[in-house]
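As stored in run_23.cif (mmCIF, C-alpha atoms):
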data_protein
#
loop_
_atom_site.group_PDB
_atom_site.id
_atom_site.type_symbol
_atom_site.label_atom_id
_atom_site.label_comp_id
_atom_site.auth_asym_id
_atom_site.auth_seq_id
_atom_site.Cartn_x
_atom_site.Cartn_y
_atom_site.Cartn_z
ATOM 1 C CA MET Y 1 93.424 116.844 74.488
ATOM 2 C CA SER Y 2 93.014 119.739 76.895
ATOM 3 C CA ALA Y 3 93.422 123.495 77.227
ATOM 4 C CA ILE Y 4 96.822 124.767 78.379
ATOM 5 C CA CYS Y 5 97.172 127.247 81.251
ATOM 6 C CA PRO Y 6 99.106 130.400 80.264
ATOM 7 C CA LYS Y 7 100.570 130.658 83.777
ATOM 8 C CA CYS Y 8 101.932 127.147 84.468
ATOM 9 C CA ASN Y 9 101.842 125.629 80.915
ATOM 10 C CA ASN Y 10 100.102 122.508 82.235
ATOM 11 C CA ASN Y 11 96.702 121.069 81.373
ATOM 12 C CA ALA Y 12 94.234 123.646 82.677
ATOM 13 C CA MET Y 13 90.894 121.984 81.907
ATOM 14 C CA PRO Y 14 89.394 119.341 79.632
ATOM 15 C CA ILE Y 15 88.599 120.494 76.119
ATOM 16 C CA TRP Y 16 84.827 120.172 76.667
ATOM 17 C CA LYS Y 17 85.049 122.737 79.493
ATOM 18 C CA LYS Y 18 86.886 125.154 77.204
ATOM 19 C CA ALA Y 19 84.144 124.729 74.596
ATOM 20 C CA PHE Y 20 81.573 126.065 77.062
ATOM 21 C CA LEU Y 21 83.770 128.740 78.649
ATOM 22 C CA SER Y 22 82.348 132.257 78.481
ATOM 23 C CA PRO Y 23 83.589 135.741 79.372
ATOM 24 C CA LEU Y 24 80.996 135.970 82.148
ATOM 25 C CA ALA Y 25 82.730 133.628 84.595
ATOM 26 C CA ALA Y 26 86.314 132.638 85.283
ATOM 27 C CA MET Y 27 87.332 128.999 85.735
ATOM 28 C CA PRO Y 28 90.248 127.821 87.858
ATOM 29 C CA CYS Y 29 93.195 125.993 86.334
ATOM 30 C CA GLU Y 30 93.186 122.377 87.510
ATOM 31 C CA ALA Y 31 96.991 122.387 87.840
ATOM 32 C CA CYS Y 32 97.862 125.685 89.564
ATOM 33 C CA GLY Y 33 94.480 127.165 90.570
ATOM 34 C CA ALA Y 34 94.929 130.396 88.567
ATOM 35 C CA GLU Y 35 91.662 132.013 87.487
ATOM 36 C CA LEU Y 36 91.307 131.700 83.692
ATOM 37 C CA ARG Y 37 88.989 133.795 81.550
ATOM 38 C CA VAL Y 38 88.316 134.621 77.914
ATOM 39 C CA THR Y 39 87.779 138.146 76.628
ATOM 40 C CA TRP Y 40 84.598 139.270 74.926
ATOM 41 C CA LYS Y 41 86.556 140.077 71.763
ATOM 42 C CA SER Y 42 88.063 136.596 71.428
ATOM 43 C CA TYR Y 43 84.750 134.932 72.379
ATOM 44 C CA LEU Y 44 82.785 136.831 69.742
ATOM 45 C CA LYS Y 45 85.433 136.158 67.091
ATOM 46 C CA ALA Y 46 85.320 132.437 67.912
ATOM 47 C CA ILE Y 47 81.541 132.092 67.562
ATOM 48 C CA ALA Y 48 81.051 134.539 64.663
ATOM 49 C CA LEU Y 49 81.032 132.092 61.728
ATOM 50 C CA GLY Y 50 78.781 129.586 63.485
ATOM 51 C CA SER Y 51 76.390 132.356 64.510
ATOM 52 C CA ILE Y 52 76.141 133.626 60.935
ATOM 53 C CA ILE Y 53 75.412 130.120 59.602
ATOM 54 C CA PHE Y 54 72.821 129.629 62.360
ATOM 55 C CA LEU Y 55 71.132 132.947 61.496
ATOM 56 C CA LEU Y 56 71.166 132.253 57.757
ATOM 57 C CA GLY Y 57 69.545 128.872 58.351
ATOM 58 C CA TYR Y 58 66.826 130.576 60.350
ATOM 59 C CA LEU Y 59 66.217 133.241 57.707
ATOM 60 C CA GLN Y 60 66.565 131.185 54.513
ATOM 61 C CA PHE Y 61 64.779 127.931 55.174
ATOM 62 C CA GLU Y 62 61.178 127.133 55.943
ATOM 63 C CA GLU Y 63 60.463 126.809 59.657
ATOM 64 C CA GLY Y 64 60.685 123.224 60.839
ATOM 65 C CA SER Y 65 62.319 121.902 57.657
ATOM 66 C CA LEU Y 66 65.166 119.430 57.663
ATOM 67 C CA ASN Y 67 67.442 121.954 55.938
ATOM 68 C CA GLN Y 68 66.859 124.460 58.725
ATOM 69 C CA TYR Y 69 67.705 121.906 61.405
ATOM 70 C CA LEU Y 70 70.837 120.856 59.508
ATOM 71 C CA THR Y 71 72.085 124.448 59.291
ATOM 72 C CA PHE Y 72 71.362 124.892 63.011
ATOM 73 C CA GLY Y 73 73.500 121.821 63.706
ATOM 74 C CA VAL Y 74 76.312 122.995 61.438
ATOM 75 C CA GLY Y 75 76.226 126.447 63.046
ATOM 76 C CA PHE Y 76 76.374 124.969 66.540
ATOM 77 C CA VAL Y 77 79.282 122.672 65.642
ATOM 78 C CA LEU Y 78 81.151 125.617 64.087
ATOM 79 C CA MET Y 79 80.613 127.675 67.255
ATOM 80 C CA LEU Y 80 82.027 124.858 69.401
ATOM 81 C CA ALA Y 81 84.974 124.336 67.051
ATOM 82 C CA GLY Y 82 85.699 128.064 67.098
ATOM 83 C CA GLN Y 83 85.707 128.088 70.887
ATOM 84 C CA ILE Y 84 87.973 125.038 71.094
ATOM 85 C CA TYR Y 85 90.532 125.946 68.438
ATOM 86 C CA PHE Y 86 90.416 129.730 67.982
ATOM 87 C CA MET Y 87 89.570 131.166 71.416
ATOM 88 C CA PRO Y 88 92.622 131.802 73.620
ATOM 89 C CA ILE Y 89 92.260 131.663 77.375
ATOM 90 C CA GLY Y 90 94.067 134.124 79.603
ATOM 91 C CA LEU Y 91 94.572 134.970 83.244
ATOM 92 C CA ASP Y 92 91.734 136.718 85.060
ATOM 93 C CA LYS Y 93 92.806 140.315 85.635
ATOM 94 C CA ALA Y 94 89.712 141.090 87.727
ATOM 95 C CA ALA Y 95 90.877 138.814 90.560
ATOM 96 C CA GLY Y 96 93.998 140.951 90.984
ATOM 97 C CA LEU Y 97 91.939 144.157 90.963
ATOM 98 C CA ASP Y 98 89.664 142.852 93.719
ATOM 99 C CA LYS Y 99 92.651 142.088 95.928
ATOM 100 C CA ALA Y 100 94.137 145.531 95.294
ATOM 101 C CA ALA Y 101 90.876 147.236 96.272
ATOM 102 C CA GLY Y 102 90.495 145.156 99.436
ATOM 103 C CA LEU Y 103 87.491 143.210 98.146
ATOM 104 C CA ASP Y 104 86.848 139.529 98.762
ATOM 105 C CA LYS Y 105 85.384 137.177 96.116
ATOM 106 C CA ALA Y 106 81.812 138.170 96.996
ATOM 107 C CA GLY Y 107 82.634 141.815 96.257
ATOM 108 C CA SER Y 108 82.328 143.011 99.840
ATOM 109 C CA LEU Y 109 85.042 144.695 101.832
ATOM 110 C CA ASP Y 110 87.348 142.515 103.900
ATOM 111 C CA LYS Y 111 87.423 144.822 106.926
ATOM 112 C CA ALA Y 112 85.233 147.681 108.058
ATOM 113 C CA GLY Y 113 88.306 149.915 108.211
ATOM 114 C CA ASP Y 114 88.965 149.428 104.496
ATOM 115 C CA LEU Y 115 86.187 151.843 103.530
ATOM 116 C CA ASP Y 116 88.572 154.772 103.317
ATOM 117 C CA LYS Y 117 90.978 152.794 101.106
ATOM 118 C CA ALA Y 118 88.222 151.657 98.732
ATOM 119 C CA GLY Y 119 86.727 155.142 98.400
ATOM 120 C CA GLY Y 120 83.688 154.590 100.637
ATOM 121 C CA LEU Y 121 82.022 157.002 103.031
ATOM 122 C CA ASP Y 122 82.674 157.162 106.734
ATOM 123 C CA LYS Y 123 79.793 157.176 109.246
ATOM 124 C CA SER Y 124 79.464 160.966 109.453
ATOM 125 C CA GLU Y 125 79.174 161.322 105.659
ATOM 126 C CA ALA Y 126 76.717 158.431 105.313
ATOM 127 C CA SER Y 127 74.194 159.828 107.803
ATOM 128 C CA ASP Y 128 70.926 161.319 106.527
ATOM 129 C CA GLU Y 129 70.642 163.656 109.509
ATOM 130 C CA PRO Y 130 72.116 167.135 109.184
ATOM 131 C CA SER Y 131 75.458 167.460 110.918
ATOM 132 C CA GLU Y 132 76.582 170.269 113.182
ATOM 133 C CA LYS Y 133 78.870 171.558 110.419
ATOM 134 C CA ASP Y 134 75.956 171.902 107.978
ATOM 135 C CA PRO Y 135 73.710 174.874 108.969
ATOM 136 C CA SER Y 136 70.778 173.776 106.783
#
Would you give me this structure, written as structure tokens?
Amino acid sequence: MSAICPKCNNNAMPIWKKAFLSPLAAMPCEACGAELRVTWKSYLKAIALGSIIFLLGYLQFEEGSLNQYLTFGVGFVLMLAGQIYFMPIGLDKAAGLDKAAGLDKAGSLDKAGDLDKAGGLDKSEASDEPSEKDPS
């Protein structure tokens, strides 16, 4: 059993990796290398029921009791099941935006000349010293 890539329709990653996938970091597809990500909306929907059970166990039962630990376990299992069965994975749209802006994976510009394309300042605008054009 494994997660299916929306781009190539092959096995993207083992199911245990999907269970711990978060919206904070993309994971590559093992078949085609496409960057896969989940959205915050789908992630929060997937863990909602387990989180509520977890919180109710914390609020309702005496601290350190067996009942509290059992509800924590049930809540955790429900969160994992929600992520495995109810959380769709999609292609990472941010990777395409970085390429369009001229950014590499680290977020820096590929070339020094790409500053104008990415909306950066040139050397004369970045200087702290007053320029000849500015009388003040």
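Distance check against Ile15 of chain Y using all atoms listed in the file: of Y:Ala3, Y:Ser65, Y:Ile52, Y:Met79, the minimum falls on Y:Ala3.
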Would you give the centre and edge lengths, in Å to one decimal, of a box along x, y and z around the listed atoms of segment 46-55 of chain Y, with 3 Å added to each side, as lines of an AutoDock Vina configuration file?
center_x = 78.2
center_y = 132.1
center_z = 63.8
size_x = 20.2
size_y = 11.0
size_z = 14.3
Next on the checklist: Just want the 8 Å neighbourhood of Gly90 of chain Y, counted on all atoms listed in the file, with same-chain residues fewer than 6 positions away dropped. Output as number ranges by chain.
Outcome noted: Y: 5-6, 36-38
Checklist entry - For this file, the PyMOL selection byres ((chain Y and resi 22) around 12) selects which residues, as a VMD selection string? => result chain Y and resid 17 to 21 23 to 27 36 to 44 46 to 47 80 83 to 84 87 to 90
If you keep C-alpha atoms, can you produce a file of those selected residues as a short mmCIF file (atom, residue, chain, number, x, y, z; two decimals), keeping the file's coordinate frame?
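File written: selection-v4.cif
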data_model
loop_
_atom_site.label_atom_id
_atom_site.label_comp_id
_atom_site.auth_asym_id
_atom_site.auth_seq_id
_atom_site.Cartn_x
_atom_site.Cartn_y
_atom_site.Cartn_z
CA LYS Y 17 85.05 122.74 79.49
CA LYS Y 18 86.89 125.15 77.20
CA ALA Y 19 84.14 124.73 74.60
CA PHE Y 20 81.57 126.06 77.06
CA LEU Y 21 83.77 128.74 78.65
CA PRO Y 23 83.59 135.74 79.37
CA LEU Y 24 81.00 135.97 82.15
CA ALA Y 25 82.73 133.63 84.60
CA ALA Y 26 86.31 132.64 85.28
CA MET Y 27 87.33 129.00 85.74
CA LEU Y 36 91.31 131.70 83.69
CA ARG Y 37 88.99 133.79 81.55
CA VAL Y 38 88.32 134.62 77.91
CA THR Y 39 87.78 138.15 76.63
CA TRP Y 40 84.60 139.27 74.93
CA LYS Y 41 86.56 140.08 71.76
CA SER Y 42 88.06 136.60 71.43
CA TYR Y 43 84.75 134.93 72.38
CA LEU Y 44 82.78 136.83 69.74
CA ALA Y 46 85.32 132.44 67.91
CA ILE Y 47 81.54 132.09 67.56
CA LEU Y 80 82.03 124.86 69.40
CA GLN Y 83 85.71 128.09 70.89
CA ILE Y 84 87.97 125.04 71.09
CA MET Y 87 89.57 131.17 71.42
CA PRO Y 88 92.62 131.80 73.62
CA ILE Y 89 92.26 131.66 77.38
CA GLY Y 90 94.07 134.12 79.60
#
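With only C-alpha atoms as the atoms that count, the minimum distance from Leu49 of chain Y to the choices Y:Ser2, Y:Asn9, Y:Phe86, Y:Gly75 is reached by Y:Gly75.
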Next on the checklist: If I take atom CA of Ala48 of chain Y and atom CA of Gly82 of chain Y, how far is one from the other in Å, to one decimal?
Outcome noted: 8.3 Å
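Note that the spacing between atom CA of Cys29 of chain Y and atom CA of Asp92 of chain Y amounts to 10.9 Å.
Taking atom CA of Cys8 of chain Y and atom CA of Glu35 of chain Y as the two end points, the separation is 11.8 Å.
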Item to check | Selection result of the PyMOL selection byres ((chain Y and resi 57) around 9) on this file, as JSON, numbers by chain | outcome: {"Y": [52, 53, 54, 55, 56, 58, 59, 60, 61, 62, 67, 68, 69, 70, 71, 72, 75]}
